[in-house]
Every structure is written in C-alpha cells, then in structure tokens.
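**Q** Here you go, input23.cif (mmCIF, C-alpha atoms and all ligand atoms):
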```
data_start
#
loop_
_atom_site.label_atom_id
_atom_site.label_comp_id
_atom_site.auth_asym_id
_atom_site.auth_seq_id
_atom_site.Cartn_x
_atom_site.Cartn_y
_atom_site.Cartn_z
CA MET A 1 -6.27 -40.31 20.04
CA THR A 2 -6.38 -40.48 16.23
CA GLN A 3 -8.86 -38.57 14.08
CA ASP A 4 -10.63 -41.85 13.29
CA GLU A 5 -10.92 -42.69 17.01
CA MET A 6 -12.48 -39.26 17.62
CA LYS A 7 -14.97 -39.89 14.80
CA GLN A 8 -15.86 -43.27 16.30
CA ALA A 9 -16.34 -41.73 19.75
CA VAL A 10 -18.80 -39.07 18.51
CA ALA A 11 -20.60 -41.66 16.37
CA ARG A 12 -21.16 -43.82 19.45
CA ALA A 13 -22.28 -40.76 21.47
CA ALA A 14 -24.84 -39.87 18.79
CA VAL A 15 -26.48 -43.29 19.08
CA ASP A 16 -27.83 -42.18 22.49
CA TYR A 17 -30.01 -39.66 20.61
CA ALA A 18 -31.50 -42.41 18.41
CA ARG A 19 -33.94 -43.87 20.92
CA SER A 20 -36.89 -44.80 18.67
CA GLY A 21 -38.69 -44.01 15.42
CA ILE A 22 -37.01 -43.24 12.11
CA VAL A 23 -33.52 -41.75 12.03
CA GLY A 24 -32.15 -39.44 9.33
CA VAL A 25 -28.62 -40.46 8.40
CA GLY A 26 -25.92 -38.37 6.72
CA THR A 27 -23.01 -39.20 4.45
CA GLY A 28 -19.26 -39.50 4.91
CA SER A 29 -16.74 -41.32 7.07
CA THR A 30 -18.12 -40.04 10.40
CA ALA A 31 -21.69 -40.86 9.35
CA ASN A 32 -20.44 -44.33 8.36
CA TYR A 33 -19.16 -44.88 11.91
CA PHE A 34 -22.59 -43.75 13.13
CA ILE A 35 -24.30 -46.33 10.89
CA ASP A 36 -22.02 -49.06 12.25
CA ALA A 37 -22.86 -48.03 15.84
CA LEU A 38 -26.57 -47.68 15.06
CA ALA A 39 -26.63 -51.24 13.73
CA GLU A 40 -25.89 -52.49 17.25
CA VAL A 41 -29.17 -50.99 18.53
CA LYS A 42 -31.25 -51.35 15.36
CA GLY A 43 -33.99 -53.20 17.24
CA ARG A 44 -35.11 -50.02 18.97
CA ILE A 45 -35.63 -47.93 15.80
CA ASP A 46 -38.14 -48.30 12.96
CA GLY A 47 -35.67 -47.62 10.16
CA ALA A 48 -33.71 -44.81 8.55
CA VAL A 49 -33.87 -42.19 5.82
CA ALA A 50 -30.59 -41.94 3.88
CA SER A 51 -29.00 -38.77 2.50
CA SER A 52 -27.17 -40.60 -0.32
CA GLU A 53 -27.07 -43.84 -2.26
CA ALA A 54 -23.83 -44.78 -0.45
CA THR A 55 -25.47 -44.33 2.95
CA ALA A 56 -28.55 -46.30 1.85
CA ALA A 57 -26.32 -49.17 0.74
CA ARG A 58 -24.41 -49.23 4.06
CA LEU A 59 -27.63 -49.11 6.10
CA LYS A 60 -29.06 -52.01 4.10
CA ARG A 61 -25.85 -54.05 4.51
CA HIS A 62 -26.38 -53.71 8.26
CA GLY A 63 -30.00 -54.86 7.97
CA ILE A 64 -31.45 -51.42 8.77
CA GLN A 65 -34.60 -50.69 6.76
CA VAL A 66 -34.24 -47.66 4.45
CA LEU A 67 -37.42 -45.63 4.02
CA ASP A 68 -38.48 -43.10 1.38
CA LEU A 69 -38.58 -39.60 2.86
CA ASN A 70 -41.94 -39.02 1.13
CA SER A 71 -43.50 -41.91 3.03
CA VAL A 72 -42.56 -40.71 6.51
CA GLY A 73 -43.47 -37.63 8.51
CA GLU A 74 -41.12 -35.33 10.38
CA LEU A 75 -38.04 -37.12 11.71
CA GLU A 76 -36.92 -36.69 15.33
CA ILE A 77 -33.22 -36.50 14.51
CA TYR A 78 -30.78 -36.20 11.64
CA VAL A 79 -27.17 -37.25 12.32
CA ASP A 80 -24.37 -36.16 9.99
CA GLY A 81 -20.78 -34.94 9.84
CA ALA A 82 -19.43 -31.62 8.61
CA ASP A 83 -16.42 -30.28 6.74
CA GLU A 84 -16.28 -27.17 8.93
CA ILE A 85 -18.40 -26.03 11.86
CA THR A 86 -18.36 -22.92 14.08
CA GLU A 87 -19.27 -22.62 17.75
CA HIS A 88 -22.53 -21.04 16.51
CA LEU A 89 -23.16 -24.39 14.75
CA ALA A 90 -23.12 -23.01 11.19
CA MET A 91 -21.45 -25.49 8.83
CA ILE A 92 -19.89 -26.14 5.47
CA LYS A 93 -20.94 -29.57 4.20
CA GLY A 94 -20.84 -31.41 0.91
CA GLY A 95 -17.25 -32.62 0.77
CA GLY A 96 -18.79 -35.97 -0.14
CA GLY A 97 -21.11 -34.33 -2.67
CA ALA A 98 -24.36 -35.22 -0.90
CA LEU A 99 -25.21 -31.67 0.23
CA THR A 100 -28.63 -31.35 -1.40
CA ARG A 101 -30.10 -34.57 -0.03
CA GLU A 102 -28.43 -33.81 3.31
CA LYS A 103 -30.15 -30.43 3.39
CA ILE A 104 -33.50 -31.98 2.51
CA VAL A 105 -33.35 -34.66 5.22
CA ALA A 106 -32.06 -32.10 7.74
CA ALA A 107 -34.99 -29.78 6.88
CA CYS A 108 -37.40 -32.63 7.65
CA SER A 109 -35.85 -33.31 11.07
CA LYS A 110 -36.56 -31.74 14.45
CA GLN A 111 -32.93 -31.93 15.59
CA PHE A 112 -29.71 -31.88 13.59
CA ILE A 113 -26.98 -33.70 15.53
CA CYS A 114 -23.59 -32.88 14.00
CA ILE A 115 -20.77 -35.35 14.73
CA ALA A 116 -17.23 -34.21 14.02
CA ASP A 117 -13.65 -34.52 15.18
CA GLU A 118 -11.98 -31.39 16.53
CA SER A 119 -10.20 -30.58 13.24
CA LYS A 120 -13.58 -29.46 11.88
CA LEU A 121 -14.13 -26.67 14.44
CA VAL A 122 -13.23 -23.25 12.96
CA GLY A 123 -13.60 -19.61 13.92
CA VAL A 124 -14.66 -18.50 10.42
CA LEU A 125 -16.02 -20.74 7.66
CA GLY A 126 -14.38 -20.83 4.25
CA THR A 127 -10.97 -22.49 4.38
CA PHE A 128 -12.72 -25.65 3.15
CA PRO A 129 -13.90 -24.96 -0.43
CA LEU A 130 -17.68 -24.42 -0.48
CA PRO A 131 -19.47 -27.06 -2.59
CA VAL A 132 -22.27 -25.81 -4.84
CA GLU A 133 -24.51 -28.30 -6.70
CA VAL A 134 -25.32 -27.03 -10.18
CA ILE A 135 -27.59 -28.10 -13.06
CA PRO A 136 -25.08 -29.12 -15.80
CA MET A 137 -26.21 -26.61 -18.47
CA ALA A 138 -25.83 -23.71 -15.99
CA ARG A 139 -22.25 -24.59 -14.99
CA SER A 140 -20.45 -21.68 -16.71
CA TYR A 141 -23.08 -19.09 -15.83
CA VAL A 142 -23.11 -20.09 -12.16
CA ALA A 143 -19.29 -20.08 -12.08
CA ARG A 144 -19.26 -16.47 -13.37
CA GLU A 145 -21.81 -15.42 -10.75
CA LEU A 146 -19.78 -17.08 -7.98
CA VAL A 147 -16.72 -15.09 -9.07
CA LYS A 148 -18.82 -11.91 -8.64
CA LEU A 149 -19.46 -13.04 -5.04
CA GLY A 150 -15.69 -13.19 -4.44
CA GLY A 151 -15.04 -16.91 -4.91
CA GLN A 152 -12.90 -19.00 -7.23
CA PRO A 153 -15.07 -21.91 -8.40
CA ARG A 154 -13.49 -25.13 -9.63
CA LEU A 155 -15.41 -27.96 -11.24
CA ARG A 156 -15.16 -31.23 -9.28
CA GLU A 157 -13.71 -33.22 -12.19
CA GLY A 158 -15.32 -36.55 -13.09
CA TYR A 159 -17.98 -36.25 -10.39
CA THR A 160 -21.77 -36.43 -10.73
CA THR A 161 -24.11 -36.14 -7.75
CA ASP A 162 -26.79 -38.71 -6.90
CA ASN A 163 -29.18 -36.20 -8.52
CA GLY A 164 -27.26 -36.18 -11.84
CA ASN A 165 -25.76 -32.72 -11.33
CA LEU A 166 -22.26 -31.17 -11.06
CA ILE A 167 -20.36 -29.72 -8.11
CA LEU A 168 -18.44 -26.44 -8.20
CA ASP A 169 -16.04 -26.18 -5.24
CA VAL A 170 -15.64 -22.50 -4.40
CA HIS A 171 -12.24 -21.52 -3.03
CA GLY A 172 -11.11 -18.26 -1.47
CA LEU A 173 -14.25 -17.31 0.46
CA SER A 174 -13.93 -15.89 3.95
CA ILE A 175 -17.48 -16.25 5.14
CA VAL A 176 -18.28 -13.61 7.74
CA ASP A 177 -22.05 -13.68 7.16
CA PRO A 178 -22.94 -17.31 6.31
CA VAL A 179 -26.71 -16.77 6.32
CA SER A 180 -26.52 -13.98 3.69
CA LEU A 181 -24.06 -15.89 1.51
CA GLU A 182 -26.16 -19.07 1.66
CA THR A 183 -29.17 -17.08 0.49
CA ALA A 184 -27.26 -15.18 -2.21
CA ILE A 185 -25.86 -18.38 -3.75
CA ASN A 186 -29.25 -20.08 -3.68
CA LEU A 187 -30.66 -17.16 -5.72
CA ILE A 188 -28.31 -17.84 -8.67
CA VAL A 189 -30.35 -19.53 -11.40
CA GLY A 190 -29.07 -23.06 -11.99
CA VAL A 191 -27.91 -23.61 -8.41
CA VAL A 192 -29.64 -26.57 -6.79
CA SER A 193 -28.21 -25.95 -3.32
CA ASN A 194 -24.98 -24.96 -1.62
CA GLY A 195 -23.01 -26.49 1.24
CA LEU A 196 -23.60 -23.66 3.70
CA PHE A 197 -25.85 -24.90 6.50
CA ALA A 198 -26.38 -21.60 8.30
CA ARG A 199 -30.08 -20.76 7.99
CA ARG A 200 -30.60 -24.30 9.29
CA GLY A 201 -27.42 -25.10 11.19
CA ALA A 202 -26.92 -27.92 13.67
CA ASP A 203 -28.86 -28.02 16.95
CA VAL A 204 -26.27 -30.12 18.75
CA LEU A 205 -22.56 -30.61 18.02
CA LEU A 206 -20.80 -33.67 19.42
CA LEU A 207 -17.14 -32.79 18.99
CA GLY A 208 -14.45 -35.43 19.36
CA THR A 209 -11.40 -34.09 21.23
CA GLU A 210 -8.30 -35.53 22.90
CA SER A 211 -10.09 -35.20 26.24
CA GLY A 212 -13.36 -36.82 25.17
CA VAL A 213 -16.62 -35.85 23.48
CA LYS A 214 -17.67 -32.22 24.04
CA THR A 215 -21.30 -31.21 23.53
CA TYR A 216 -22.33 -27.81 22.12
CA LYS A 217 -25.99 -26.78 21.91
CA ARG A 218 -27.66 -24.00 19.98
O1 LIG A 301 -21.10 -33.25 4.00
C1 LIG A 301 -20.65 -34.35 3.92
C2 LIG A 301 -20.84 -35.23 2.74
O2 LIG A 301 -21.49 -34.56 1.70
C3 LIG A 301 -19.88 -34.92 5.07
O3 LIG A 301 -20.65 -34.82 6.22
C4 LIG A 301 -18.62 -34.15 5.24
O4 LIG A 301 -17.89 -34.17 4.01
C5 LIG A 301 -17.74 -34.73 6.37
O5 LIG A 301 -17.24 -35.97 5.98
P1 LIG A 301 -16.36 -36.85 6.93
O6 LIG A 301 -17.23 -37.32 8.04
O7 LIG A 301 -15.88 -37.96 6.04
O8 LIG A 301 -15.20 -36.01 7.43
#
```
Could I get this structure in the form of structure tokens?
Ligand SMILES: O=C(CO)[C@H](O)[C@H](O)COP(=O)(O)O

**A**
Amino acid sequence: MTQDEMKQAVARAAVDYARSGIVGVGTGSTANYFIDALAEVKGRIDGAVASSEATAARLKRHGIQVLDLNSVGELEIYVDGADEITEHLAMIKGGGGALTREKIVAACSKQFICIADESKLVGVLGTFPLPVEVIPMARSYVARELVKLGGQPRLREGYTTDNGNLILDVHGLSIVDPVSLETAINLIVGVVSNGLFARRGADVLLLGTESGVKTYKR
C-alpha cells in the first residue's frame, strides 16, 4: 500500500466520526482526503469550520458550507493530520503552516481525531523541524530565544501564514518533555503559537498501516 493509499484509508475511517453537526477540518494532504470523503456524506452534517484558507476553499468547492468559528459553539470533532505523533498522542503539526488556526479549532472541539499514515508515528518528537509562528518584528529576538532552548531556527523563506505572520522551523530538538517545551516556547514574546500539540494532543489516532487502519485512544 502506498503512503497516499494509507492517507485515503484513514480519511475514510474518520468520516465515521462525522455523524452530524459541524465538523472542524484541518489542513494538509491527509485532511484534503478527509474533505473529499466528507463530501460524500455532506447531507448529514450542518457544515464545517476550516483551519486555513486552503481548507475553506476545498470545502466550498465540494459544496460544504464553511462557518465562522465565532458563530458556532463547541464542535464535536476536529479532524486533522500530523507531521509526527507519538503513541501518547502528542504531535508536531504545522508543516503546512496552519498551526495556529489548527490549534484554535482543536481547542474548540470535544474530540481531536488525528489521521496519519504510519510514517508519522515516532518514539520521540523532534526529527521533523518544529514550526513556530512569529510576529514579523519579533523574528530575530524569537530566533535567539529558541537557540537558548537548544534549537536551530530557520526562517521559512517566502512564506506568510494566513494570519500575516512568519514561520521559524526549529531543527535539532529532541523533545523528551513536549508539554514543558510547548509552554516554554509560548512564553517567548512575539510567538503566536508553536506546532507542539502536547497540552492538547489528539484523543484518537487513526493510523494507516500496511495491515489496515489501527486505532489508538488516549
Ligand atoms: O499540520 C499540518 C498543516 O499545518 C498538517 O496536518 C501536517 O503538515 C500533515 O500534513 P500531511 O497530511 O500533508 O502529511
């Protein structure tokens, strides 16, 4: 089975969790497969909240109504991919740059359903560079502070987030205590958010493997 086939399999499995109401939808290639699968059952949901402009555009192309997060209450589920995830369901996200909106929609959802192919499952987070969204004028200061935390930040060249900010991708971190690091990075002035989803990790992981979809629960 190819990586794309595994992504499609977990995307289809996640649709079973979207039974009614408004669905929070993530960003990336796996989330895109979820949107395509969700479109087939769009009659049973009331719409979606998108974690990026790209996701909103894809939902709309499929005729799924996109709602403003401020006009809806708590969502039942949020479905999104990950760049790395542990068996404890802590994640690195933000490879697609949408980490802040992803974190906001996830925070507003009762259940975070992570969909990923097996290449994303790791023992320790940090091989994938950790994305940090930064207010532009704080870029150099935040980079210096991230070096003090043991990382090597690199500016994502030519990239601006949907919120008009920059991304520093932090290399060289071996993240043994993701909750503490997530908190420490958030405390740096000028950081909007970082791609560690540890304080609020996933509740369910649907992992695509050669032998089918495996389910992990918190
Ligand atoms: O966090 C993300 C975007 O900001 C994505 O969920 C993450 O990058 C995984 O992407 P893909 O499903 O394409 O592998």

**Q** Enclose the full set of atoms of stretch 98-108 of chain A listed in the file within a box whose edges lie along x, y and z, apply 4 Å of padding to each of the six sides, and report centre and edge lengths in Å to one decimal as lines of an AutoDock Vina configuration file.

**A**
```
center_x = -30.9
center_y = -32.5
center_z = 3.2
size_x = 21.0
size_y = 13.4
size_z = 17.1
```

**Q** In terms of the shortest atom-to-atom distance over all atoms listed in the file, which of A:Val79, A:Gly63, A:Val15, A:Ala90 is closest to ligand LIG 301 (chain A)?

**A**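 Of A:Val79, A:Gly63, A:Val15, A:Ala90, the one nearest ligand LIG 301 (chain A), counting all atoms listed in the file, is A:Val79.
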
**Q** With only C-alpha atoms and all ligand atoms as the basis for distance, which of A:Ser51, A:Thr100, A:Ser29, A:Asn165 is at the shortest distance from ligand LIG 301 (chain A)?

**A** A:Ser29

**Q** Using only C-alpha atoms and all ligand atoms, find the one residue out of A:Gly28, A:Gly190, A:Pro136, A:Pro178 that sits nearest to ligand LIG 301 (chain A).

**A**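 The closest residue to ligand LIG 301 (chain A) is A:Gly28.
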
**Q** Could you tell me which of A:Lys7, A:Arg200, A:Lys148, A:His62 comes closest to ligand LIG 301 (chain A) if we count all atoms listed in the file?

**A**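 Distance minimum relative to ligand LIG 301 (chain A) lands on A:Lys7.
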
**Q** What is the distance between atom CA of A:Cys114 and atom CA of A:Ala57, in Å to one decimal?

**A**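 Value for the atom CA of A:Cys114-atom CA of A:Ala57 distance: 21.2 Å.
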
**Q** In Å, rounded to a single decimal, give me how far atom CA of A:Ile115 is from atom CA of A:Asp4.

**A**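 Interatomic distance here is 12.1 Å.
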
**Q** What are the nearest atom pairs, with distances in Å to one decimal, for all residues of chain A that come at most 9 Å from ligand LIG 301 (chain A), using all atoms listed in the file, set out by chain and rising residue number as CSV?

**A**
```
residue,atom,partner,partner_atom,distance
A:Lys7,CA,A:LIG301,O6,7.6
A:Gly26,CA,A:LIG301,O3,6.4
A:Thr27,CA,A:LIG301,C2,4.8
A:Gly28,CA,A:LIG301,O7,3.9
A:Ser29,CA,A:LIG301,O7,3.6
A:Thr30,CA,A:LIG301,O6,3.7
A:Ala31,CA,A:LIG301,O6,5.8
A:Asn32,CA,A:LIG301,O6,7.7
A:Tyr33,CA,A:LIG301,O6,8.7
A:Ser51,CA,A:LIG301,O2,8.6
A:Ser52,CA,A:LIG301,O2,8.5
A:Asp80,CA,A:LIG301,O3,5.5
A:Gly81,CA,A:LIG301,O3,3.6
A:Ala82,CA,A:LIG301,O3,4.2
A:Asp83,CA,A:LIG301,C5,4.7
A:Glu84,CA,A:LIG301,C5,8.1
A:Ile92,CA,A:LIG301,O1,7.4
A:Lys93,CA,A:LIG301,O1,3.7
A:Gly94,CA,A:LIG301,O2,3.3
A:Gly95,CA,A:LIG301,O4,3.6
A:Gly96,CA,A:LIG301,O2,3.6
A:Gly97,CA,A:LIG301,O2,4.4
A:Ala98,CA,A:LIG301,O2,3.9
A:Leu99,CA,A:LIG301,O2,4.9
A:Thr100,CA,A:LIG301,O2,8.4
A:Arg101,CA,A:LIG301,O2,8.8
A:Glu102,CA,A:LIG301,O2,7.2
A:Cys114,CA,A:LIG301,O3,8.5
A:Ile115,CA,A:LIG301,O6,7.8
A:Ala116,CA,A:LIG301,O6,6.7
A:Asp117,CA,A:LIG301,O8,8.0
A:Lys120,CA,A:LIG301,O8,8.1
A:Pro131,CA,A:LIG301,O2,8.9
A:Gly195,CA,A:LIG301,O1,7.5
```

**Q** Mind giving me the straight-line distance from atom CA of A:Asp169 to atom CA of A:Leu146 in Å, one decimal?

**A**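 Between these atoms lies a distance of 10.2 Å.
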
**Q** Contacts of A:Ala198 at 10 Å or less, counting only C-alpha atoms, minus same-chain residues fewer than 5 places along, as a PyMOL selection string?

**A** chain A and resi 85-86+88-92+177-183

**Q** Let me make sure I understand: among A:Ile135, A:Ile22, A:Val10, A:Leu130, which one has the smallest atom-to-atom distance to A:Ser71 if we use all atoms listed in the file?

**A**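 Once distances to A:Ser71 are computed over all atoms listed in the file, the minimum belongs to A:Ile22.
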
**Q** Taking only C-alpha atoms into account, which of A:Glu53, A:Glu118, A:Glu40, A:Glu133 comes nearest A:Gln3?

**A** A:Glu118

**Q** Near A:Met137, within 10 Å and counting all atoms listed in the file, which residues show up once chain neighbours fewer than 3 positions away are dropped, as an MDAnalysis selection string?

**A** chainID A and resid 134 140:142 165:166 190

**Q** Fewer than 3 positions away in the same chain doesn't count, so skip those; otherwise give me all residues within 6 Å of A:Arg156, counting all atoms listed in the file, as JSON, numbers by chain.

**A** {"A": [159, 167, 168]}

**Q** Compile the contact shell of stretch 104-110 of chain A as a PyMOL selection string: residues with an atom at most 10 Å away, counting all atoms listed in the file, same-chain residues fewer than 4 positions apart removed.

**A** chain A and resi 23-26+49-51+69+72-80+99-100+193+197+200-203

**Q** What's around A:Gly21 at 9 Å? Count all atoms listed in the file, leave out sequence neighbours fewer than 2 positions away in its own chain, and write the answer as a PDB file with C-alpha atoms, keeping the file's coordinate frame.

**A**
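result.pdb was written with the following content:
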```pdb
ATOM      1  CA  ALA A  18     -31.500 -42.410  18.410  1.00  0.00           C
ATOM      2  CA  ARG A  19     -33.940 -43.870  20.920  1.00  0.00           C
ATOM      3  CA  VAL A  23     -33.520 -41.750  12.030  1.00  0.00           C
ATOM      4  CA  ARG A  44     -35.110 -50.020  18.970  1.00  0.00           C
ATOM      5  CA  ILE A  45     -35.630 -47.930  15.800  1.00  0.00           C
ATOM      6  CA  ASP A  46     -38.140 -48.300  12.960  1.00  0.00           C
ATOM      7  CA  GLY A  47     -35.670 -47.620  10.160  1.00  0.00           C
ATOM      8  CA  ALA A  48     -33.710 -44.810   8.550  1.00  0.00           C
ATOM      9  CA  LEU A  75     -38.040 -37.120  11.710  1.00  0.00           C
ATOM     10  CA  GLU A  76     -36.920 -36.690  15.330  1.00  0.00           C
TER      11      GLU A  76
END
```

**Q** Would you kindly place N, CA and C atoms on stretch 118-140 of chain A and return the model as a short mmCIF file (atom, residue, chain, number, x, y, z; two decimals), keeping the file's coordinate frame?

**A**
```cif
data_model
loop_
_atom_site.label_atom_id
_atom_site.label_comp_id
_atom_site.auth_asym_id
_atom_site.auth_seq_id
_atom_site.Cartn_x
_atom_site.Cartn_y
_atom_site.Cartn_z
N GLU A 118 -12.29 -32.78 16.20
CA GLU A 118 -11.98 -31.39 16.53
C GLU A 118 -11.34 -30.61 15.39
N SER A 119 -10.81 -31.30 14.38
CA SER A 119 -10.20 -30.58 13.24
C SER A 119 -11.25 -29.79 12.46
N LYS A 120 -12.52 -30.12 12.66
CA LYS A 120 -13.58 -29.46 11.88
C LYS A 120 -14.05 -28.13 12.49
N LEU A 121 -13.67 -27.89 13.76
CA LEU A 121 -14.13 -26.67 14.44
C LEU A 121 -13.28 -25.48 13.99
N VAL A 122 -13.94 -24.43 13.48
CA VAL A 122 -13.23 -23.25 12.96
C VAL A 122 -13.85 -21.98 13.53
N GLY A 123 -13.07 -20.90 13.50
CA GLY A 123 -13.60 -19.61 13.92
C GLY A 123 -14.44 -18.98 12.82
N VAL A 124 -13.95 -19.05 11.59
CA VAL A 124 -14.66 -18.50 10.42
C VAL A 124 -14.70 -19.57 9.34
N LEU A 125 -15.87 -19.75 8.73
CA LEU A 125 -16.02 -20.74 7.66
C LEU A 125 -15.33 -20.27 6.39
N GLY A 126 -14.83 -21.21 5.59
CA GLY A 126 -14.38 -20.83 4.25
C GLY A 126 -13.01 -21.34 3.85
N THR A 127 -12.24 -21.88 4.80
CA THR A 127 -10.97 -22.49 4.38
C THR A 127 -11.27 -23.73 3.53
N PHE A 128 -12.26 -24.51 3.96
CA PHE A 128 -12.72 -25.65 3.15
C PHE A 128 -13.51 -25.09 1.97
N PRO A 129 -13.17 -25.48 0.74
CA PRO A 129 -13.90 -24.96 -0.43
C PRO A 129 -15.40 -25.27 -0.34
N LEU A 130 -16.22 -24.26 -0.63
CA LEU A 130 -17.68 -24.42 -0.48
C LEU A 130 -18.27 -25.15 -1.68
N PRO A 131 -18.86 -26.35 -1.47
CA PRO A 131 -19.47 -27.06 -2.59
C PRO A 131 -20.82 -26.44 -2.99
N VAL A 132 -21.01 -26.33 -4.30
CA VAL A 132 -22.27 -25.81 -4.84
C VAL A 132 -22.75 -26.81 -5.89
N GLU A 133 -23.96 -27.35 -5.71
CA GLU A 133 -24.51 -28.30 -6.70
C GLU A 133 -25.22 -27.51 -7.79
N VAL A 134 -24.90 -27.84 -9.04
CA VAL A 134 -25.32 -27.03 -10.18
C VAL A 134 -25.94 -27.92 -11.26
N ILE A 135 -27.03 -27.44 -11.88
CA ILE A 135 -27.59 -28.10 -13.06
C ILE A 135 -26.53 -28.01 -14.18
N PRO A 136 -26.21 -29.13 -14.86
CA PRO A 136 -25.08 -29.12 -15.80
C PRO A 136 -25.09 -27.97 -16.81
N MET A 137 -26.24 -27.64 -17.42
CA MET A 137 -26.21 -26.61 -18.47
C MET A 137 -25.94 -25.21 -17.91
N ALA A 138 -26.05 -25.04 -16.60
CA ALA A 138 -25.83 -23.71 -15.99
C ALA A 138 -24.41 -23.56 -15.43
N ARG A 139 -23.57 -24.56 -15.64
CA ARG A 139 -22.25 -24.59 -14.99
C ARG A 139 -21.45 -23.30 -15.19
N SER A 140 -21.30 -22.85 -16.43
CA SER A 140 -20.45 -21.68 -16.71
C SER A 140 -21.08 -20.41 -16.15
#
```
